[in-house]
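*Asks:* Just one file: input.cif, with mmCIF, C-alpha atoms and all ligand atoms.
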data_data
loop_
_atom_site.label_atom_id
_atom_site.label_comp_id
_atom_site.auth_asym_id
_atom_site.auth_seq_id
_atom_site.Cartn_x
_atom_site.Cartn_y
_atom_site.Cartn_z
CA MET A 1 80.55 297.21 262.88
CA LEU A 2 81.23 300.92 262.54
CA LYS A 3 78.43 302.91 261.00
CA ASN A 4 78.64 305.91 258.69
CA SER A 5 76.93 309.22 259.31
CA THR A 6 75.57 311.97 257.10
CA ILE A 7 73.78 315.28 257.40
CA THR A 8 70.08 314.98 256.65
CA GLY A 9 68.73 318.28 257.99
CA TRP A 10 69.93 321.84 258.40
CA GLY A 11 68.59 325.14 259.63
CA HIS A 12 69.61 328.53 260.86
CA TYR A 13 68.15 331.50 262.62
CA ALA A 14 69.36 335.07 262.98
CA PRO A 15 67.64 337.82 264.94
CA GLU A 16 65.54 340.20 262.89
CA ARG A 17 67.50 343.32 263.69
CA VAL A 18 70.35 344.01 261.25
CA VAL A 19 72.94 346.56 262.33
CA THR A 20 75.15 348.03 259.60
CA ASN A 21 78.65 349.39 260.04
CA ASP A 22 77.35 352.88 259.40
CA GLU A 23 74.86 352.44 262.22
CA LEU A 24 77.67 351.41 264.59
CA ALA A 25 79.70 354.44 263.50
CA GLU A 26 76.92 356.65 264.87
CA THR A 27 77.83 355.67 268.43
CA ILE A 28 81.37 354.20 268.20
CA ASP A 29 84.55 355.84 266.88
CA THR A 30 84.75 353.64 263.79
CA SER A 31 83.78 353.64 260.13
CA ASP A 32 82.26 351.32 257.55
CA GLU A 33 85.52 351.56 255.62
CA TRP A 34 87.68 350.46 258.60
CA ILE A 35 85.46 347.51 259.49
CA ARG A 36 85.06 346.33 255.89
CA THR A 37 88.73 346.53 254.94
CA ARG A 38 89.96 344.95 258.22
CA SER A 39 87.35 342.20 258.52
CA GLY A 40 85.07 342.01 255.47
CA ILE A 41 82.04 342.60 257.72
CA ARG A 42 79.25 344.86 256.45
CA GLU A 43 76.48 344.10 258.89
CA ARG A 44 75.48 341.72 261.68
CA HIS A 45 72.26 340.52 263.33
CA ILE A 46 71.78 341.66 266.91
CA ALA A 47 69.41 339.91 269.31
CA GLY A 48 66.23 341.63 270.43
CA PRO A 49 64.86 341.40 273.98
CA ASP A 50 62.98 338.17 273.19
CA ASP A 51 65.98 336.41 271.60
CA HIS A 52 68.09 334.14 273.79
CA THR A 53 70.66 331.51 272.97
CA SER A 54 68.11 328.82 273.85
CA THR A 55 65.38 330.31 271.66
CA MET A 56 67.68 330.88 268.68
CA ALA A 57 69.05 327.34 269.00
CA THR A 58 65.51 325.98 269.17
CA ARG A 59 64.43 327.84 266.01
CA ALA A 60 67.44 326.54 264.05
CA ALA A 61 66.89 323.01 265.40
CA GLU A 62 63.21 323.02 264.47
CA MET A 63 64.10 324.00 260.92
CA ALA A 64 66.73 321.24 260.75
CA LEU A 65 64.27 318.62 262.04
CA ASP A 66 61.74 319.78 259.48
CA ARG A 67 64.25 319.49 256.63
CA ALA A 68 65.18 315.98 257.77
CA GLY A 69 61.52 314.96 257.91
CA LEU A 70 61.90 314.12 261.59
CA THR A 71 60.35 315.19 264.87
CA ALA A 72 62.00 315.82 268.22
CA ALA A 73 60.92 312.34 269.30
CA ASP A 74 63.36 310.89 266.76
CA LEU A 75 66.40 312.49 268.43
CA ASP A 76 68.82 310.27 270.35
CA LEU A 77 71.12 313.08 271.49
CA ILE A 78 71.34 316.87 271.47
CA LEU A 79 74.68 318.70 271.37
CA ILE A 80 74.70 322.48 271.71
CA ALA A 81 77.94 324.33 271.06
CA THR A 82 77.97 327.74 272.70
CA SER A 83 80.02 330.08 274.86
CA SER A 84 77.09 332.37 275.55
CA PRO A 85 74.50 330.14 277.24
CA ASP A 86 71.39 331.61 278.82
CA TYR A 87 72.77 330.63 282.25
CA LEU A 88 76.03 329.16 283.52
CA THR A 89 73.78 326.58 285.19
CA PRO A 90 71.59 324.87 284.01
CA PRO A 91 73.12 323.91 280.66
CA VAL A 92 71.37 325.53 277.72
CA SER A 93 71.19 322.11 276.04
CA SER A 94 68.47 321.07 278.49
CA GLN A 95 66.45 324.19 277.70
CA VAL A 96 66.64 323.37 274.00
CA GLN A 97 65.70 319.74 274.69
CA ASP A 98 62.66 320.94 276.64
CA ASN A 99 61.69 323.57 274.04
CA LEU A 100 61.80 320.94 271.30
CA GLY A 101 59.89 318.40 273.38
CA ALA A 102 62.68 315.86 272.92
CA ALA A 103 63.16 312.98 275.35
CA CYS A 104 66.87 312.31 274.87
CA GLY A 105 70.14 313.29 276.52
CA ALA A 106 71.51 316.75 275.90
CA MET A 107 74.83 318.41 276.55
CA THR A 108 76.54 321.72 275.99
CA LEU A 109 79.99 321.99 274.47
CA ALA A 110 81.81 325.18 275.48
CA VAL A 111 84.73 325.29 273.06
CA GLY A 112 84.48 328.90 271.89
CA CYS A 113 84.05 329.46 268.19
CA THR A 114 85.42 325.95 267.60
CA GLY A 115 82.49 324.27 269.35
CA PHE A 116 80.42 323.27 266.34
CA VAL A 117 83.21 321.27 264.70
CA TYR A 118 83.88 319.57 268.05
CA GLY A 119 80.15 318.81 268.18
CA LEU A 120 80.00 317.39 264.67
CA VAL A 121 82.98 315.13 265.34
CA THR A 122 81.45 314.01 268.66
CA ALA A 123 78.09 313.29 267.03
CA HIS A 124 79.79 311.19 264.37
CA GLN A 125 81.56 309.11 267.04
CA PHE A 126 78.28 308.24 268.77
CA ILE A 127 76.78 307.24 265.43
CA ALA A 128 79.89 305.35 264.26
CA ALA A 129 79.92 303.38 267.52
CA GLY A 130 76.33 302.37 266.93
CA SER A 131 75.12 304.04 270.14
CA TYR A 132 72.80 306.52 268.46
CA SER A 133 71.33 306.93 265.02
CA THR A 134 70.04 310.52 265.08
CA VAL A 135 71.90 313.43 266.67
CA LEU A 136 71.11 317.14 266.64
CA VAL A 137 74.16 319.43 266.60
CA VAL A 138 73.63 323.16 267.09
CA GLY A 139 75.95 326.15 267.27
CA ALA A 140 74.18 329.09 268.93
CA GLU A 141 75.52 332.35 270.30
CA LEU A 142 74.20 335.56 271.73
CA ILE A 143 77.45 337.45 271.99
CA SER A 144 76.12 340.99 271.71
CA ARG A 145 75.14 341.00 275.40
CA ASN A 146 78.70 340.02 276.36
CA LEU A 147 80.39 342.81 274.43
CA ASP A 148 81.77 346.09 275.66
CA TRP A 149 80.16 348.40 273.13
CA THR A 150 82.87 351.02 273.79
CA ASP A 151 85.67 348.57 272.85
CA ARG A 152 85.79 349.29 269.12
CA GLY A 153 88.53 346.74 268.44
CA THR A 154 86.19 343.91 269.48
CA CYS A 155 82.52 344.86 269.40
CA VAL A 156 82.33 345.61 265.67
CA LEU A 157 83.36 342.06 264.79
CA PHE A 158 80.62 339.97 266.39
CA GLY A 159 76.96 339.12 265.81
CA ASP A 160 74.23 336.78 267.08
CA GLY A 161 72.63 333.70 265.54
CA ALA A 162 72.27 329.93 265.47
CA GLY A 163 72.73 327.09 263.03
CA ALA A 164 71.84 323.41 263.32
CA VAL A 165 72.28 320.09 261.57
CA ILE A 166 70.74 316.66 262.00
CA MET A 167 73.21 313.81 261.67
CA GLN A 168 71.95 310.33 260.95
CA ALA A 169 73.39 306.88 260.55
CA THR A 170 73.64 305.52 257.04
CA ASP A 171 75.00 302.44 255.31
CA GLN A 172 76.20 304.58 252.42
CA LYS A 173 79.77 305.73 251.95
CA ALA A 174 79.64 308.92 254.00
CA GLY A 175 80.72 310.58 257.22
CA LEU A 176 83.91 311.76 258.80
CA LEU A 177 86.94 311.13 256.60
CA SER A 178 89.41 312.73 259.00
CA HIS A 179 89.49 315.22 261.83
CA VAL A 180 91.74 317.13 264.18
CA LEU A 181 90.72 318.63 267.53
CA GLY A 182 93.24 321.05 269.04
CA SER A 183 93.71 323.08 272.19
CA ASP A 184 96.44 325.34 273.56
CA GLY A 185 95.34 326.86 276.84
CA SER A 186 98.57 328.84 277.16
CA GLY A 187 96.94 331.42 274.89
CA HIS A 188 93.77 331.69 276.95
CA GLU A 189 94.21 335.38 277.81
CA HIS A 190 94.01 336.45 274.15
CA LEU A 191 90.26 335.83 273.96
CA ILE A 192 88.62 335.89 277.34
CA GLN A 193 85.54 336.93 279.27
CA PRO A 194 87.33 337.25 282.64
CA SER A 195 84.42 337.53 285.06
CA GLY A 196 81.29 335.44 285.45
CA GLY A 197 82.89 332.11 286.25
CA CYS A 198 84.29 331.04 289.62
CA ARG A 199 87.71 332.63 289.27
CA ILE A 200 86.47 336.23 289.16
CA PRO A 201 82.89 336.12 290.40
CA PRO A 202 80.61 338.94 289.30
CA THR A 203 81.08 341.56 292.01
CA HIS A 204 80.50 345.32 291.95
CA GLU A 205 84.25 345.74 291.42
CA SER A 206 84.56 343.28 288.55
CA LEU A 207 81.47 344.71 286.85
CA ASP A 208 82.76 348.28 287.25
CA ALA A 209 86.02 347.13 285.64
CA GLY A 210 84.06 345.64 282.73
CA GLN A 211 85.51 342.19 283.38
CA ASN A 212 82.23 340.58 282.41
CA PHE A 213 82.84 341.57 278.77
CA LEU A 214 84.65 339.66 276.06
CA ARG A 215 88.24 340.90 275.67
CA MET A 216 90.34 340.15 272.65
CA ASN A 217 93.93 340.69 271.62
CA GLY A 218 93.12 341.01 267.92
CA ARG A 219 96.66 340.80 266.60
CA GLU A 220 97.56 337.67 268.59
CA VAL A 221 94.29 335.98 267.64
CA PHE A 222 94.87 336.89 264.00
CA LYS A 223 98.32 335.26 264.02
CA PHE A 224 97.00 332.17 265.78
CA ALA A 225 93.95 331.91 263.51
CA THR A 226 95.83 332.01 260.23
CA ARG A 227 98.30 329.39 261.48
CA ALA A 228 95.61 327.11 262.97
CA MET A 229 93.44 327.28 259.88
CA VAL A 230 96.19 326.41 257.43
CA GLU A 231 97.85 323.71 259.57
CA SER A 232 94.68 321.90 260.60
CA LEU A 233 93.34 321.91 257.04
CA SER A 234 96.61 320.45 255.81
CA GLN A 235 96.50 317.78 258.56
CA VAL A 236 93.01 316.56 257.70
CA MET A 237 93.77 316.47 253.99
CA THR A 238 96.93 314.43 254.59
CA GLU A 239 95.14 312.06 256.99
CA ALA A 240 92.36 311.41 254.48
CA GLY A 241 94.66 311.30 251.47
CA ILE A 242 92.69 314.11 249.88
CA GLU A 243 94.01 316.95 247.73
CA PRO A 244 92.63 320.49 247.62
CA LYS A 245 90.94 319.77 244.27
CA ASP A 246 88.95 316.92 245.89
CA ILE A 247 87.26 319.29 248.32
CA ASP A 248 83.86 320.33 246.99
CA LEU A 249 83.11 322.99 249.60
CA PHE A 250 85.25 324.72 252.21
CA ILE A 251 83.26 326.14 255.12
CA PRO A 252 85.63 327.97 257.44
CA HIS A 253 84.86 329.76 260.68
CA GLN A 254 83.62 333.20 259.70
CA ALA A 255 85.64 335.55 261.88
CA ASN A 256 87.38 337.66 259.30
CA ALA A 257 87.41 337.56 255.49
CA ARG A 258 91.15 338.25 255.50
CA ILE A 259 91.84 335.14 257.58
CA ILE A 260 89.72 333.07 255.19
CA GLU A 261 91.43 334.50 252.09
CA TYR A 262 94.84 333.77 253.58
CA ALA A 263 93.94 330.16 254.39
CA VAL A 264 92.35 329.54 250.98
CA GLN A 265 95.40 330.86 249.19
CA LYS A 266 97.90 328.97 251.38
CA ALA A 267 95.97 325.70 251.12
CA GLY A 268 95.62 326.04 247.35
CA LEU A 269 91.82 325.82 247.43
CA ASP A 270 89.59 327.07 244.64
CA PRO A 271 88.03 330.35 245.90
CA GLU A 272 84.82 329.37 244.06
CA LYS A 273 84.41 326.49 246.50
CA VAL A 274 84.59 328.62 249.63
CA ILE A 275 81.58 329.79 251.61
CA VAL A 276 81.90 333.33 252.97
CA ASN A 277 79.01 335.05 254.73
CA VAL A 278 80.93 337.00 257.37
CA ASP A 279 79.92 340.15 255.48
CA ARG A 280 76.26 339.59 256.50
CA TYR A 281 76.60 338.04 259.96
CA GLY A 282 79.92 339.10 261.46
CA ASN A 283 81.48 336.52 263.76
CA THR A 284 78.70 334.51 265.41
CA SER A 285 81.27 332.28 267.14
CA ALA A 286 80.14 328.63 267.32
CA ALA A 287 77.20 329.49 265.04
CA THR A 288 79.20 330.65 262.00
CA ILE A 289 79.90 327.24 260.46
CA PRO A 290 76.39 325.77 260.87
CA ILE A 291 74.80 329.00 259.58
CA ALA A 292 77.12 328.94 256.56
CA LEU A 293 76.46 325.23 256.10
CA SER A 294 72.70 325.72 256.26
CA GLU A 295 72.90 328.55 253.72
CA ALA A 296 75.06 326.37 251.49
CA PHE A 297 72.43 323.59 251.54
CA GLU A 298 69.65 326.10 250.88
CA ALA A 299 71.53 327.54 247.91
CA ARG A 300 72.26 324.00 246.60
CA ARG A 301 75.98 324.68 246.94
CA ALA A 302 76.31 321.68 249.27
CA LYS A 303 75.10 318.64 247.37
CA PRO A 304 74.70 314.92 248.02
CA GLY A 305 78.04 313.12 247.78
CA ASP A 306 80.06 316.29 248.36
CA THR A 307 83.23 316.32 250.43
CA LEU A 308 83.09 319.23 252.86
CA ALA A 309 86.04 320.77 254.70
CA LEU A 310 85.09 322.50 257.95
CA VAL A 311 87.65 324.43 260.00
CA GLY A 312 87.07 326.34 263.23
CA PHE A 313 89.26 328.23 265.68
CA GLY A 314 88.66 330.37 268.72
CA ALA A 315 88.83 330.86 272.46
CA GLY A 316 90.88 328.42 274.45
CA LEU A 317 92.76 328.80 272.28
CA THR A 318 91.23 325.94 270.30
CA TRP A 319 90.97 324.75 266.74
CA ALA A 320 89.28 321.90 264.91
CA ALA A 321 89.00 320.71 261.34
CA CYS A 322 87.30 317.86 259.59
CA LEU A 323 86.64 316.46 256.17
CA PHE A 324 83.09 315.20 255.95
CA GLN A 325 81.50 313.34 253.08
CA LEU A 326 77.76 313.68 252.52
CA ALA A 327 75.78 310.59 251.51
CA ALA A 328 74.93 310.47 247.83
CA ALA A 329 71.32 309.37 248.30
CA PRO A 330 68.57 310.17 250.81
CA VAL A 331 68.73 308.46 254.17
CA SER A 332 65.63 306.74 255.50
CA PRO A 333 66.43 305.34 258.93
CA ASN A 334 64.06 302.57 260.00
CA GLY A 335 62.58 302.91 256.53
CA GLN A 336 60.25 305.59 257.84
CA HIS A 337 61.66 308.95 256.94
CA GLU A 338 61.51 310.24 253.43
CA HIS A 339 63.78 313.12 252.65
CA PRO A 340 62.09 315.58 250.29
CA ALA A 341 64.74 318.28 250.61
CA VAL A 342 67.62 316.03 249.59
CA GLU A 343 65.56 314.26 246.90
CA GLY A 344 65.03 317.73 245.45
CA PHE A 345 68.77 318.11 245.18
CA ILE A 346 69.22 314.98 243.19
CA ALA A 347 66.41 315.72 240.73
N1 LIG B 1 87.46 351.37 263.99
C1 LIG B 1 88.47 352.19 263.71
N2 LIG B 1 89.72 352.01 264.18
C2 LIG B 1 89.92 350.92 264.95
C3 LIG B 1 88.91 350.03 265.29
C4 LIG B 1 87.63 350.29 264.77
N3 LIG B 1 86.58 349.48 265.02
N4 LIG B 1 89.42 349.06 266.06
C5 LIG B 1 90.73 349.33 266.21
N5 LIG B 1 91.03 350.47 265.54
C6 LIG B 1 92.32 351.12 265.42
C7 LIG B 1 93.28 350.71 266.52
O1 LIG B 1 93.07 351.50 267.65
C8 LIG B 1 94.61 350.96 265.86
O2 LIG B 1 94.89 352.36 265.95
P1 LIG B 1 96.37 352.85 266.32
O3 LIG B 1 97.24 352.30 265.22
O4 LIG B 1 96.21 354.32 266.32
O5 LIG B 1 96.65 352.22 267.65
C9 LIG B 1 94.36 350.68 264.39
O6 LIG B 1 92.94 350.70 264.22
C10 LIG B 1 94.93 349.36 263.90
O7 LIG B 1 94.56 348.38 264.85
P2 LIG B 1 95.05 346.90 264.66
O8 LIG B 1 94.61 346.11 265.83
O9 LIG B 1 96.47 346.88 264.27
O10 LIG B 1 94.22 346.48 263.38
P3 LIG B 1 94.32 345.14 262.58
O11 LIG B 1 94.65 345.43 261.16
O12 LIG B 1 95.16 344.13 263.30
O13 LIG B 1 92.83 344.61 262.64
C11 LIG B 1 91.38 343.14 263.85
C12 LIG B 1 92.20 344.41 263.87
C13 LIG B 1 90.73 342.95 265.20
C14 LIG B 1 90.31 343.26 262.76
C15 LIG B 1 92.31 341.95 263.51
O14 LIG B 1 93.41 341.95 264.39
C16 LIG B 1 91.63 340.63 263.61
O15 LIG B 1 90.75 340.33 262.82
N6 LIG B 1 92.01 339.76 264.55
C17 LIG B 1 91.44 338.45 264.71
C18 LIG B 1 90.09 338.59 265.34
C19 LIG B 1 89.34 337.30 265.36
O16 LIG B 1 89.37 336.53 264.44
N7 LIG B 1 88.63 337.08 266.46
C20 LIG B 1 87.76 335.99 266.65
C21 LIG B 1 88.45 334.73 266.93
S1 LIG B 1 87.30 333.46 267.08
#
Now that the file is in, can you turn its structure into structure tokens?

*Replies:*
Amino acid sequence: MLKNSTITGWGHYAPERVVTNDELAETIDTSDEWIRTRSGIRERHIAGPDDHTSTMATRAAEMALDRAGLTAADLDLILIATSSPDYLTPPVSSQVQDNLGAACGAMTLAVGCTGFVYGLVTAHQFIAAGSYSTVLVVGAELISRNLDWTDRGTCVLFGDGAGAVIMQATDQKAGLLSHVLGSDGSGHEHLIQPSGGCRIPPTHESLDAGQNFLRMNGREVFKFATRAMVESLSQVMTEAGIEPKDIDLFIPHQANARIIEYAVQKAGLDPEKVIVNVDRYGNTSAATIPIALSEAFEARRAKPGDTLALVGFGAGLTWAACLFQLAAAPVSPNGQHEHPAVEGFIA
């Protein structure tokens, strides 16, 4: 019999150093006004020398385990969504597994900014099939080291960070109500880090040409993003038979406040039910949605029983959306784990 899943733990981590738009304008030909009006971003967290994708992911995961009242030994699977792993090989998921002291399988999902939603959907499938009962899903990115800090059209938009959730099996009415996973590789050149893989290996020439940095065609990505966001949201609502008013919280990929505003207006969602934190983090790629989700739980904006709409888009080009219902009561798998954080919500 298919099982349901719910989110029982959440956490996020952002590097200590906050860089404001004004600070960027000291070294780049830009201004706070341009960045704010074009993207809604005011500041972002930038990794220090001791921050790595693996360490940020581990911090967020530890917080999520703690919230769920679990330890790493309880994990059945680890999924890390990232496009900025510590190394191309080995997968960063194994570093996180080792850091946590977990003894389960671990894999990395490289689906650009869309990776976390792909991860959440994947985790649900393992739980629904009855294969696993506890899965850690993390979105973690250290993009600042992959940026050309002279490319003002791109570098001002991104930031570093990690967010994590614990998904667990439950008998309650909960879990994935609908989802869509999309990909259109014909648009791959619009958001690309050309060198570093096998096609353009890192040579003196490719490094001199800056091909190791993230390149973005902002206008094309903007057009794609607005379309993908609106269409995929509409698809998941139709599939689940849910209307905009039934959505308790909309947590979109935080790339640009204008893209979010457009999607909210087109989809007819209540702006009060939308999480926006791009002003404080910039675009942290696969980490934006789990960071926003974690903040929403912390602020009691995401509550037991809520129906969440999550929509991501990014490199590939890819997009993904899902409607996810949280369980109404605490989950205690094997009757062992109490859930103080969620009990606090209900009180
Ligand atoms: N500061 C000041 N001026 C800048 C600038 C900056 N940081 N970056 C670009 N400009 C300039 C451009 O050079 C251009 O000048 P020109 O008209 O003299 O050529 C002008 O600002 C307008 O550039 P344009 O690209 O048309 O701006 P825009 O309104 O389209 O906004 C983006 C640019 C990047 C903010 C917008 O296209 C965008 O958000 N795209 C989607 C990005 C995204 O979501 N990426 C992540 C996907 S996961």

*Asks:* What are the closest atom pairs, with distances in Å to one decimal, for each residue of chain A lying within 6 Å of ligand LIG 1 (chain B), using all atoms listed in the file, rows by chain and rising residue number, as a tab-separated table?

*Replies:*
residue	atom	partner	partner_atom	distance
A:Thr30	CA	B:LIG1	N1	3.5
A:Ser31	CA	B:LIG1	N1	5.8
A:Trp34	CA	B:LIG1	C1	5.5
A:Ile35	CA	B:LIG1	N3	6.0
A:Arg38	CA	B:LIG1	C14	4.9
A:Ser39	CA	B:LIG1	C14	5.3
A:Cys113	CA	B:LIG1	S1	5.3
A:Arg152	CA	B:LIG1	N3	4.2
A:Gly153	CA	B:LIG1	N4	3.4
A:Val156	CA	B:LIG1	N3	5.8
A:Gly218	CA	B:LIG1	O14	3.7
A:Arg219	CA	B:LIG1	O14	4.1
A:Val221	CA	B:LIG1	C17	4.8
A:Phe222	CA	B:LIG1	C17	3.8
A:Ala255	CA	B:LIG1	O16	4.6
A:Asn256	CA	B:LIG1	O15	5.6
A:Phe313	CA	B:LIG1	S1	5.8
A:Gly314	CA	B:LIG1	S1	3.8

*Asks:* Can you write just those residues out, C-alpha atoms, as a CSV table (one decimal), keeping the file's coordinate frame?

*Replies:*
chain,number,residue,atom,x,y,z
A,30,THR,CA,84.8,353.6,263.8
A,31,SER,CA,83.8,353.6,260.1
A,34,TRP,CA,87.7,350.5,258.6
A,35,ILE,CA,85.5,347.5,259.5
A,38,ARG,CA,90.0,345.0,258.2
A,39,SER,CA,87.4,342.2,258.5
A,113,CYS,CA,84.0,329.5,268.2
A,152,ARG,CA,85.8,349.3,269.1
A,153,GLY,CA,88.5,346.7,268.4
A,156,VAL,CA,82.3,345.6,265.7
A,218,GLY,CA,93.1,341.0,267.9
A,219,ARG,CA,96.7,340.8,266.6
A,221,VAL,CA,94.3,336.0,267.6
A,222,PHE,CA,94.9,336.9,264.0
A,255,ALA,CA,85.6,335.6,261.9
A,256,ASN,CA,87.4,337.7,259.3
A,313,PHE,CA,89.3,328.2,265.7
A,314,GLY,CA,88.7,330.4,268.7

*Asks:* Would you list the contacts of A:Ala60 as a PDB file with C-alpha atoms, in the coordinates of the input, taking every protein, DNA or RNA residue within 6 Å and counting all atoms listed in the file, but skipping same-chain residues closer than 4 positions in sequence?

*Replies:*
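Result written to selection_30.pdb:
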ATOM      1  CA  GLY A  11      68.590 325.140 259.630  1.00  0.00           C
ATOM      2  CA  HIS A  12      69.610 328.530 260.860  1.00  0.00           C
ATOM      3  CA  TYR A  13      68.150 331.500 262.620  1.00  0.00           C
ATOM      4  CA  GLY A 163      72.730 327.090 263.030  1.00  0.00           C
ATOM      5  CA  ALA A 164      71.840 323.410 263.320  1.00  0.00           C
TER       6      ALA A 164
END

*Asks:* With only C-alpha atoms as the atoms that count, which of A:Gly101, A:Gly182, A:Gly175, A:Gly69 lies nearest to A:Gln235?

*Replies:*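 Under the stated criterion, the closest residue is A:Gly182.
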
*Asks:* Could you check how far atom CA of A:Ala81 sits from atom CA of A:Gly115, in Å to one decimal?

*Replies:*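 Between these atoms lies a distance of 4.9 Å.
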
*Asks:* Do a neighbour search on A:Ser144 at 7 Å with only C-alpha atoms, toss out local chain neighbours closer than 6 positions, and write the hits as a VMD selection string.

*Replies:* chain A and resid 46 159 to 160

*Asks:* What is the atom CA of A:Gly130 to atom CA of A:Ala169 distance in Å?

*Replies:*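 Atom CA of A:Ala169 lies at a distance of 8.3 Å from atom CA of A:Gly130.
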
*Asks:* Within 8 Å of A:Ala287, counting all atoms listed in the file, which residues qualify if same-chain residues fewer than 4 places away don't, as a list in words?

*Replies:*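 Counting all atoms listed in the file, the residues come to Ala81, Thr82, Cys113, Phe116, Val138, Gly139, Ala140, Glu141, Gly161, Ala162, Gly163 and Ile291 of chain A.
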
*Asks:* I'd like to know which of A:Val18, A:Met237, A:Val165, A:Ala128 is closest to A:Ala64, using all atoms listed in the file.

*Replies:*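 Comparing A:Val18, A:Met237, A:Val165, A:Ala128 against A:Ala64, the winner is A:Val165.
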